[in-house]
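> The following block contains the structure, expressed as C-alpha cells.
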Amino acid sequence: MCGIVGIVGKTSVNQTIYDALTVLQHRGQDAAGIVTVDHQAFRLRKANGLVKDVFEPKHMQRLQGNAGIGHVRYPTAGSSSASEAQPFYVNSPFGISLAHNGNLTNTVELAEGLVKKRRHVNTTSDSEVLLNLLADELQETRSLTLSADEVFDAVAKVHGQTRGAYAVVAMIIGQGLVAFRDPFGIRPLILGKHESATGTEYMVASESVALDAVGFEVMRDVAPGEAIFVTLDGQLFTRQCAIDPNYAPCIFEFVYFARPDSTIDKVSVYASRVNMGAKLGEKIKKEWEDHDIDVVIPIPETSCDIALEIARCMNLPYRQGFVKNRYIGRTFIMPGQEERIKSVRRKLNAINTEFKGKNVLLVDDSIVRGTTSEQIIEMAREAGANKVYFASAAPEVRFPNVYGIDMPTSNELIAYGRDADEIANIIGADGIIFQNLTDLVEAVRMENPEIKQFDTSVFDGHYITNDVDQSYLDHLTQLRNDDAKLGRSKDIGTNLELHNVCHP
Ligand SMILES: O=P(O)(O)OC[C@H]1O[C@H](OP(=O)(O)OP(=O)(O)O)[C@H](O)[C@@H]1O
Ligand SMILES: NC(=O)CC[C@H](N)C(=O)O
Ligand SMILES: [Mg+2]
C-alpha cells in the first residue's frame, strides 16, 4: 500500500511534499521518492528507506521547483530495488514522471503490448508499465501544449486497457499535474487546495491527513475513474474518464492501512474503527454470554480505537498492556517473514501487572499471517495471564490480495483452509472470535451510506475487477512467494539506474 502526493504550488514544493510523505509513511516503509519540476528539468531523488533517511539536505536543495510529486513504497510487484522505487520517469512525450498506489492485474499483457509498440520498460514494476501506457496515449496528441481534454482522453484510453487498482499522480514537463483513480476507486485519492498570497495551490494525496499536515484544505475525494489536471500556472480541470465507474473502495484501508485521522470517501477512518469495535463487542456479548474476561487489551497500534469501544460496550476495563516501541515501524508491511517475526518482539513489550492472574481479551484489527497474534499470546502468557482470548475486528483473511497489499499466496494466510478453532489452536488462544463480514461492511457504510459496495476480496474471494481467476493467482504465487522475492533481491543494483544523477 503505497502513499502518493502531488502538488502544483506558487513557491517551492520540496518541503511540503517531504512533510506530506512523512505522514503517509504508514503506507510504505521500503522506499521513498520525490520529483520536482525545475523549469524544463525534472529533479529526482529516490532510494530505499524511510522518508527521513532518504532525503538529506543536499537532496532537498536539488529538488527545486513549484510543482512535484512524491511516493512512499510498499512493493507489491517487481523487486524492492531502489531502481524500482518511485516516481518513474520516461522522456517522451514531453518528459513524464509518475507515482502509483495499487497493483495492476494485467501487467504481463500490457507489457507485451508495449513491446509491440517499441516501448521499453526496464524494470519488473507494474507502475513503470502504467507510466509507459499513459505516455503512449499522450504520444498520440500532436500539440506542444496539452489541453485538459487531450489529457483526459489519454486517461480514458488508459482506463480502457488497465485492470486492477491504481491511484496515480503524474507530472508532465511544461504541462502540469495529472492525477486519476481506477474506475472502482479501490485505492484512495483526495484533492485539496491552499489559498496563498499569489494564488490557489492544489494538492492530491492518498489520505486527507497529508493535506491536514501541510495546511491544505480538503476539497473532495477524487471520484472512481475521474482525472484531475492542474496546469503549472494553477488552473484546475476535472473530468470523469471511465465509461462505467463503480465505487468499490478497498475495505482493508479502513481496517488497517489508513491513519485513523484520515477521511476516505467521506468516511472517517477513526469512526469506522469505533463502529467495528461496537459491532464486535455486541457479537462477543451474544456469543460468549457467560464469558469470564477481566480486561480488554489492544495490540498497538491500529487496534487501540477498536479495543476501547469493545471494552465500553462490554462494560469491562480497557488497559494498555503492551507498550509499543515508537521507533519500530509497522510489522505487517515489512518485506520478509523472518523480519516480521523478529520485529513483533522488538516492537511490543508487555506490562506484567496488567496480565498477572487475569483472563484477558486481546484485540487486533486483523489476523493475516498470524505473525503478531501468535507471539503476542505467548507474551501475554509469559506475563502471567490466566486465560487469553482473542478478538479480530476483521473476518478471517482467506484469499490473496491483488490490489496493492502484498499477500499474494493463500498458503501464507493463517485462516486459509482453517476454521476458528484450528486458528485458535495454532496461535495458542483459549478462544477466538472474528467480526462478520456484513458487520464490517456495515461499520464502514454507517459513515457513508452512498458507498454501496467495497472490495472485500481478501475475505470472500470476490475480486471486484472480475478478471482474477485461479491461473492468475497461481501466477502471482510463483512470482511473489518469499523465495522468489529473496531471489530477486539479489539482483538489486543490476538494473539501469536512471535516478539520483547528482550535479554537485
Ligand atoms: O497477522 P499478521 O500477519 O501479524 O498481521 C496483522 C497484524 O499486522 C498489523 O500490525 P502492524 O504491526 O503492521 O501495524 P500497527 O502498529 O499499525 O498495528 C495489524 O494491525 C495486525 O496487528
Ligand atoms: N503497494 C503499492 O501501492 C505498490 C505500488 C506498485 N505496485 C509497486 O509495487 O511499487
Ligand atoms: Mg497491528
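Identifiers in this document derive from the order of the C-alpha cells: chains are assigned A, B, ..., residues are numbered from 1 separately in each chain, and ligands are numbered from 1 in order of occurrence.
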List as JSON lines every residue of chain A that is in contact with ligand 2, defined as an atom at most 6 Å from one of its atoms (using only C-alpha atoms and all ligand atoms), together with the nearest atom pair and the distance in Å rounded to one decimal, sorted by chain and then rising number.

```
{"residue": "A:Met1", "atom": "CA", "partner": "ligand 2", "partner_atom_place_in_ligand_line": "1 (N)", "distance": 3.2}
{"residue": "A:Cys2", "atom": "CA", "partner": "ligand 2", "partner_atom_place_in_ligand_line": "3 (O)", "distance": 3.9}
{"residue": "A:Arg73", "atom": "CA", "partner": "ligand 2", "partner_atom_place_in_ligand_line": "10 (O)", "distance": 5.9}
{"residue": "A:Tyr74", "atom": "CA", "partner": "ligand 2", "partner_atom_place_in_ligand_line": "1 (N)", "distance": 4.6}
{"residue": "A:Pro75", "atom": "CA", "partner": "ligand 2", "partner_atom_place_in_ligand_line": "9 (O)", "distance": 3.6}
{"residue": "A:Thr76", "atom": "CA", "partner": "ligand 2", "partner_atom_place_in_ligand_line": "9 (O)", "distance": 3.9}
{"residue": "A:Ala77", "atom": "CA", "partner": "ligand 2", "partner_atom_place_in_ligand_line": "9 (O)", "distance": 4.0}
{"residue": "A:His100", "atom": "CA", "partner": "ligand 2", "partner_atom_place_in_ligand_line": "5 (C)", "distance": 5.5}
{"residue": "A:Asn101", "atom": "CA", "partner": "ligand 2", "partner_atom_place_in_ligand_line": "3 (O)", "distance": 3.3}
{"residue": "A:Gly102", "atom": "CA", "partner": "ligand 2", "partner_atom_place_in_ligand_line": "3 (O)", "distance": 3.7}
{"residue": "A:Asn103", "atom": "CA", "partner": "ligand 2", "partner_atom_place_in_ligand_line": "7 (N)", "distance": 4.3}
{"residue": "A:Asp126", "atom": "CA", "partner": "ligand 2", "partner_atom_place_in_ligand_line": "7 (N)", "distance": 5.6}
{"residue": "A:Ser127", "atom": "CA", "partner": "ligand 2", "partner_atom_place_in_ligand_line": "6 (C)", "distance": 5.5}
{"residue": "A:Gly404", "atom": "CA", "partner": "ligand 2", "partner_atom_place_in_ligand_line": "1 (N)", "distance": 4.2}
{"residue": "A:Ile405", "atom": "CA", "partner": "ligand 2", "partner_atom_place_in_ligand_line": "1 (N)", "distance": 5.7}
```
> With only C-alpha atoms and all ligand atoms counted, collect every polymer residue having an atom within 10 Å of ligand 3; state the result as a PyMOL selection string.
chain A and resi 256-257+298-304+330-332+344+348+363-367+372-373
> Next, dump the selected residues to file, keeping only C-alpha atoms, as a JSON list (two decimals), in the first residue's frame.

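Written out: part.json:
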```json
[["chain", "number", "residue", "atom", "x", "y", "z"],
["A", 256, "TYR", "CA", -5.73, -1.41, 8.89],
["A", 257, "PHE", "CA", -3.99, 0.66, 6.25],
["A", 298, "PRO", "CA", -5.35, -3.82, 22.46],
["A", 299, "ILE", "CA", -2.42, -4.86, 20.31],
["A", 300, "PRO", "CA", -0.98, -1.47, 19.42],
["A", 301, "GLU", "CA", -1.28, 0.45, 17.36],
["A", 302, "THR", "CA", -4.09, 0.11, 14.89],
["A", 303, "SER", "CA", -6.46, -1.84, 17.12],
["A", 304, "CYS", "CA", -6.47, 0.65, 20.02],
["A", 330, "ARG", "CA", 4.59, -1.46, 11.02],
["A", 331, "THR", "CA", 5.47, -5.14, 11.00],
["A", 332, "PHE", "CA", 2.85, -6.35, 8.52],
["A", 344, "VAL", "CA", 6.96, -8.13, 16.80],
["A", 348, "LEU", "CA", 5.79, -4.65, 21.62],
["A", 363, "VAL", "CA", -7.96, -7.27, 20.38],
["A", 364, "ASP", "CA", -6.42, -6.77, 16.96],
["A", 365, "ASP", "CA", -7.77, -5.15, 13.82],
["A", 366, "SER", "CA", -7.00, -8.27, 11.79],
["A", 367, "ILE", "CA", -5.16, -11.58, 11.78],
["A", 372, "THR", "CA", 1.56, -10.90, 15.54],
["A", 373, "SER", "CA", -1.16, -12.86, 17.34]]
```
> Name all residues at most 7 Å from stretch 151-157 of chain A (count only C-alpha atoms; drop same-chain ones fewer than 6 positions away) and give them as a list in words.
Leu134, Glu137, Leu138, Ala227, Arg239, Cys241 and Ala242 of chain A
> If you run DSSP over the backbone, which residues in stretch 129-300 of chain A end up helix (DSSP H, G or I)? Put them as a ChimeraX atom specification.
/A:129-139,148-161,208-213,252-257,269-287
> By how many Å are atom CA of A:Val13 and atom CA of A:Phe229 apart?
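The value is 17.5 Å.
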> So, counting only C-alpha atoms and all ligand atoms, which residue among A:Ile432, A:Ala394, A:Ala311, A:Leu144 is closest to ligand 1?
A:Ala394
> Give me the residues near A:Ala350 as a list of chain:residue names, where near means some atom within 12 Å (using only C-alpha atoms) and where sequence neighbours in that chain fewer than 4 positions away do not count.
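My reading of the contact set: A:Ile297, A:Pro298, A:Ile299, A:Pro300, A:Arg319, A:Gln320, A:Gly321, A:Phe322, A:Val323, A:Lys324, A:Asn325, A:Val344, A:Arg345, A:Arg346, A:Glu354, A:Phe355, A:Lys356, A:Gln375, A:Ile376, A:Ile377, A:Glu378, A:Met379, A:Ala380, A:Arg381, A:Glu382, A:Ala383, A:Gly384, A:Ala385.
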> How many Å separate atom CA of A:Leu280 from atom CA of A:Asn401?
23.8 Å
> Identify, on the basis of only C-alpha atoms, every residue whose closest approach to A:Phe42 does not exceed 12 Å; exclude the query and any residue fewer than 4 positions from it along the same chain; express the result as a ChimeraX atom specification.
/A:34-38,62-69,87-91,94-98,171-174,499-501
> Which residues are close to stretch 258-273 of chain A, i.e. within 6 Å by only C-alpha atoms, leaving aside same-chain residues fewer than 3 positions away? Reply as a ChimeraX atom specification.
/A:207-209,221,253-254,276,306,443-444,447-448
> Could you turn the residues from that selection into a file that holds all heavy atoms, as an mmCIF file, in the first residue's frame?

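Generated output (selection-v3.cif):
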```
data_model
loop_
_atom_site.group_PDB
_atom_site.id
_atom_site.type_symbol
_atom_site.label_atom_id
_atom_site.label_comp_id
_atom_site.auth_asym_id
_atom_site.auth_seq_id
_atom_site.Cartn_x
_atom_site.Cartn_y
_atom_site.Cartn_z
ATOM 1 N N GLU A 207 -4.200 10.234 1.339
ATOM 2 C CA GLU A 207 -5.076 10.377 2.505
ATOM 3 C C GLU A 207 -5.181 11.841 2.912
ATOM 4 O O GLU A 207 -4.215 12.613 2.755
ATOM 5 C CB GLU A 207 -4.516 9.579 3.692
ATOM 6 C CG GLU A 207 -4.575 8.085 3.506
ATOM 7 C CD GLU A 207 -4.085 7.339 4.754
ATOM 8 O OE1 GLU A 207 -4.275 7.840 5.880
ATOM 9 O OE2 GLU A 207 -3.503 6.263 4.595
ATOM 10 N N SER A 208 -6.319 12.198 3.498
ATOM 11 C CA SER A 208 -6.559 13.579 3.894
ATOM 12 C C SER A 208 -5.550 14.068 4.930
ATOM 13 O O SER A 208 -5.255 15.261 5.009
ATOM 14 C CB SER A 208 -7.977 13.734 4.439
ATOM 15 O OG SER A 208 -8.144 12.932 5.587
ATOM 16 N N VAL A 209 -5.010 13.134 5.708
ATOM 17 C CA VAL A 209 -4.055 13.528 6.748
ATOM 18 C C VAL A 209 -2.848 14.253 6.142
ATOM 19 O O VAL A 209 -2.262 15.147 6.768
ATOM 20 C CB VAL A 209 -3.631 12.283 7.574
ATOM 21 C CG1 VAL A 209 -2.808 11.322 6.751
ATOM 22 C CG2 VAL A 209 -2.878 12.657 8.813
ATOM 23 N N ASP A 221 -12.931 13.992 -2.404
ATOM 24 C CA ASP A 221 -12.253 12.797 -2.902
ATOM 25 C C ASP A 221 -12.263 12.844 -4.425
ATOM 26 O O ASP A 221 -13.209 13.356 -5.028
ATOM 27 C CB ASP A 221 -13.000 11.542 -2.453
ATOM 28 C CG ASP A 221 -13.018 11.423 -0.946
ATOM 29 O OD1 ASP A 221 -11.984 11.069 -0.377
ATOM 30 O OD2 ASP A 221 -14.072 11.720 -0.338
ATOM 31 N N GLU A 253 -8.439 -0.702 3.809
ATOM 32 C CA GLU A 253 -7.951 0.644 4.150
ATOM 33 C C GLU A 253 -8.506 1.049 5.518
ATOM 34 O O GLU A 253 -7.815 1.642 6.330
ATOM 35 C CB GLU A 253 -8.415 1.671 3.112
ATOM 36 C CG GLU A 253 -7.744 1.561 1.764
ATOM 37 C CD GLU A 253 -6.344 2.164 1.719
ATOM 38 O OE1 GLU A 253 -5.964 2.895 2.656
ATOM 39 O OE2 GLU A 253 -5.632 1.880 0.738
ATOM 40 N N PHE A 254 -9.788 0.721 5.740
ATOM 41 C CA PHE A 254 -10.452 1.128 6.974
ATOM 42 C C PHE A 254 -10.057 0.225 8.133
ATOM 43 O O PHE A 254 -9.914 0.671 9.262
ATOM 44 C CB PHE A 254 -11.980 1.138 6.764
ATOM 45 C CG PHE A 254 -12.377 2.080 5.660
ATOM 46 C CD1 PHE A 254 -12.576 1.615 4.363
ATOM 47 C CD2 PHE A 254 -12.477 3.435 5.901
ATOM 48 C CE1 PHE A 254 -12.894 2.480 3.332
ATOM 49 C CE2 PHE A 254 -12.799 4.316 4.874
ATOM 50 C CZ PHE A 254 -13.010 3.843 3.580
ATOM 51 N N MET A 276 -16.536 -0.643 14.204
ATOM 52 C CA MET A 276 -16.101 -2.052 14.174
ATOM 53 C C MET A 276 -16.045 -2.603 15.597
ATOM 54 O O MET A 276 -16.446 -3.742 15.862
ATOM 55 C CB MET A 276 -14.706 -2.184 13.539
ATOM 56 C CG MET A 276 -14.673 -1.969 12.044
ATOM 57 S SD MET A 276 -12.952 -1.909 11.448
ATOM 58 C CE MET A 276 -13.140 -0.800 10.050
ATOM 59 N N ILE A 306 -10.446 0.385 18.341
ATOM 60 C CA ILE A 306 -11.432 -0.698 18.277
ATOM 61 C C ILE A 306 -11.602 -1.327 19.665
ATOM 62 O O ILE A 306 -12.718 -1.536 20.152
ATOM 63 C CB ILE A 306 -10.966 -1.773 17.260
ATOM 64 C CG1 ILE A 306 -10.826 -1.160 15.862
ATOM 65 C CG2 ILE A 306 -11.913 -2.967 17.253
ATOM 66 C CD1 ILE A 306 -10.027 -1.995 14.871
ATOM 67 N N ALA A 443 -20.136 -1.384 9.435
ATOM 68 C CA ALA A 443 -19.376 -0.460 10.283
ATOM 69 C C ALA A 443 -18.804 0.694 9.460
ATOM 70 O O ALA A 443 -18.739 1.837 9.919
ATOM 71 C CB ALA A 443 -18.245 -1.217 10.992
ATOM 72 N N VAL A 444 -18.390 0.400 8.244
ATOM 73 C CA VAL A 444 -17.821 1.459 7.390
ATOM 74 C C VAL A 444 -18.956 2.219 6.695
ATOM 75 O O VAL A 444 -18.954 3.458 6.661
ATOM 76 C CB VAL A 444 -16.835 0.861 6.362
ATOM 77 C CG1 VAL A 444 -16.163 1.974 5.567
ATOM 78 C CG2 VAL A 444 -15.782 -0.004 7.044
ATOM 79 N N GLU A 447 -20.905 5.307 8.029
ATOM 80 C CA GLU A 447 -20.328 6.653 7.925
ATOM 81 C C GLU A 447 -20.586 7.277 6.563
ATOM 82 O O GLU A 447 -20.426 8.486 6.402
ATOM 83 C CB GLU A 447 -18.821 6.596 8.212
ATOM 84 C CG GLU A 447 -18.486 6.065 9.586
ATOM 85 C CD GLU A 447 -19.139 6.897 10.691
ATOM 86 O OE1 GLU A 447 -19.066 8.138 10.614
ATOM 87 O OE2 GLU A 447 -19.729 6.295 11.617
ATOM 88 N N ASN A 448 -20.898 6.470 5.558
ATOM 89 C CA ASN A 448 -21.247 6.992 4.229
ATOM 90 C C ASN A 448 -22.067 5.959 3.459
ATOM 91 O O ASN A 448 -21.531 5.173 2.683
ATOM 92 C CB ASN A 448 -19.983 7.364 3.431
ATOM 93 C CG ASN A 448 -20.344 7.885 2.044
ATOM 94 O OD1 ASN A 448 -21.523 8.106 1.742
ATOM 95 N ND2 ASN A 448 -19.337 8.066 1.201
#
```
> From the list A:Gly281, A:Pro224, A:Gly336, A:Pro395, which residue is nearest A:Leu316 when using only C-alpha atoms?
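That would be A:Gly281, the residue with the smallest distance to A:Leu316.
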> Find the residues near A:Tyr416: any atom within 8 Å, counting only C-alpha atoms, skip ones fewer than 4 places away on the same chain, and give them as a tab-separated table (two decimals) with all heavy atoms, in the first residue's frame.

```
chain	number	residue	atom	x	y	z
A	397	VAL	N	-9.07	-13.74	7.09
A	397	VAL	CA	-8.48	-13.39	5.80
A	397	VAL	C	-8.08	-14.69	5.11
A	397	VAL	O	-7.16	-15.37	5.55
A	397	VAL	CB	-7.24	-12.48	6.00
A	397	VAL	CG1	-6.53	-12.23	4.69
A	397	VAL	CG2	-7.66	-11.17	6.64
A	398	ARG	N	-8.80	-15.04	4.04
A	398	ARG	CA	-8.60	-16.37	3.44
A	398	ARG	C	-8.14	-16.33	2.00
A	398	ARG	O	-7.82	-17.35	1.42
A	398	ARG	CB	-9.92	-17.16	3.49
A	398	ARG	CG	-10.36	-17.51	4.89
A	398	ARG	CD	-11.16	-18.80	4.91
A	398	ARG	NE	-11.24	-19.35	6.25
A	398	ARG	CZ	-12.28	-19.21	7.06
A	398	ARG	NH1	-13.34	-18.55	6.68
A	398	ARG	NH2	-12.26	-19.76	8.26
A	399	PHE	N	-8.13	-15.12	1.39
A	399	PHE	CA	-7.81	-15.04	-0.03
A	399	PHE	C	-6.69	-14.03	-0.25
A	399	PHE	O	-6.62	-13.02	0.45
A	399	PHE	CB	-9.06	-14.64	-0.83
A	399	PHE	CG	-10.18	-15.62	-0.69
A	399	PHE	CD1	-11.11	-15.50	0.35
A	399	PHE	CD2	-10.29	-16.71	-1.55
A	399	PHE	CE1	-12.14	-16.42	0.51
A	399	PHE	CE2	-11.31	-17.63	-1.41
A	399	PHE	CZ	-12.23	-17.49	-0.37
A	410	SER	N	-2.28	-17.91	-0.83
A	410	SER	CA	-3.24	-18.35	0.20
A	410	SER	C	-2.51	-19.05	1.34
A	410	SER	O	-2.88	-18.90	2.51
A	410	SER	CB	-4.23	-19.35	-0.38
A	410	SER	OG	-4.63	-18.97	-1.64
A	411	ASN	N	-1.48	-19.82	0.98
A	411	ASN	CA	-0.81	-20.63	1.99
A	411	ASN	C	-0.23	-19.85	3.15
A	411	ASN	O	-0.08	-20.36	4.24
A	411	ASN	CB	0.32	-21.43	1.33
A	411	ASN	CG	-0.25	-22.60	0.59
A	411	ASN	OD1	-1.34	-23.07	0.93
A	411	ASN	ND2	0.44	-23.05	-0.45
A	412	GLU	N	0.12	-18.58	2.90
A	412	GLU	CA	0.73	-17.81	3.98
A	412	GLU	C	-0.34	-17.28	4.96
A	412	GLU	O	-0.02	-16.77	6.03
A	412	GLU	CB	1.54	-16.64	3.42
A	412	GLU	CG	0.69	-15.56	2.78
A	412	GLU	CD	1.49	-14.47	2.09
A	412	GLU	OE1	2.24	-13.77	2.76
A	412	GLU	OE2	1.33	-14.34	0.86
```
> Per residue of stretch 362-455 of chain A within 9 Å of stretch 282-289 of chain A, note the shortest atom pair and the distance in Å to one decimal, counting only C-alpha atoms, and order the rows by chain and increasing residue number, as JSON lines.

```
{"residue": "A:Ala391", "atom": "CA", "partner": "A:Ile284", "partner_atom": "CA", "distance": 8.5}
{"residue": "A:Ile433", "atom": "CA", "partner": "A:Ile284", "partner_atom": "CA", "distance": 7.3}
{"residue": "A:Phe434", "atom": "CA", "partner": "A:Lys283", "partner_atom": "CA", "distance": 9.0}
{"residue": "A:Gln435", "atom": "CA", "partner": "A:Lys283", "partner_atom": "CA", "distance": 7.7}
{"residue": "A:Asn436", "atom": "CA", "partner": "A:Lys283", "partner_atom": "CA", "distance": 8.8}
```
> If you keep N, CA, C and O atoms, can you produce a file of those selected residues as a compact mmCIF listing (two decimals), in the first residue's frame?

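Contents of result-v3.txt, as written:
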```
# COMPACT_ATOMS: atom_id res chain seq x y z
N ALA A 391 -9.79 -11.41 19.87
CA ALA A 391 -10.87 -10.90 19.01
C ALA A 391 -10.26 -10.15 17.84
O ALA A 391 -9.36 -9.32 18.01
N ILE A 433 -12.60 -14.97 18.33
CA ILE A 433 -13.83 -14.52 17.69
C ILE A 433 -13.49 -13.52 16.58
O ILE A 433 -12.62 -12.66 16.77
N PHE A 434 -14.14 -13.70 15.44
CA PHE A 434 -13.91 -12.81 14.30
C PHE A 434 -15.16 -12.01 14.01
O PHE A 434 -16.28 -12.51 14.19
N GLN A 435 -14.97 -10.82 13.50
CA GLN A 435 -16.09 -9.99 13.04
C GLN A 435 -16.77 -10.67 11.85
O GLN A 435 -16.09 -11.30 11.02
N ASN A 436 -18.08 -10.54 11.71
CA ASN A 436 -18.76 -11.00 10.49
C ASN A 436 -18.49 -9.99 9.38
O ASN A 436 -18.41 -8.79 9.64
```
> Quick one: pick out all strand (DSSP E or B) residues within stretch 57-205 of chain A from a backbone DSSP run and write them as a PyMOL selection string.
chain A and resi 67-73+88-90+96-104+164-172+176-181+190-196+199-205
> Calculated over only C-alpha atoms, which of the candidates A:Glu150, A:Asp233, A:Asp482, A:Glu56 has the smallest distance to A:Glu339?
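Using only C-alpha atoms, A:Glu339 sits closest to A:Asp482.
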> Measuring between only C-alpha atoms, which one of A:Arg118, A:Leu232, A:Glu396, A:Gly6 shows the shortest distance to A:Leu191?
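With only C-alpha atoms as the atom set, the closest residue is A:Gly6.
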> Which is closest to ligand 1 among A:Ala135, A:Ile328, A:Ala484, A:Leu440, if we use only C-alpha atoms and all ligand atoms?
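Going through A:Ala135, A:Ile328, A:Ala484, A:Leu440 one by one, the smallest distance to ligand 1 is for A:Ile328.
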> I'd like to know which of A:Asn275, A:Thr371, A:Gln29, A:Asn352 is closest to A:Asp439, using only C-alpha atoms.
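Ranking A:Asn275, A:Thr371, A:Gln29, A:Asn352 by distance to A:Asp439, first place goes to A:Asn275.
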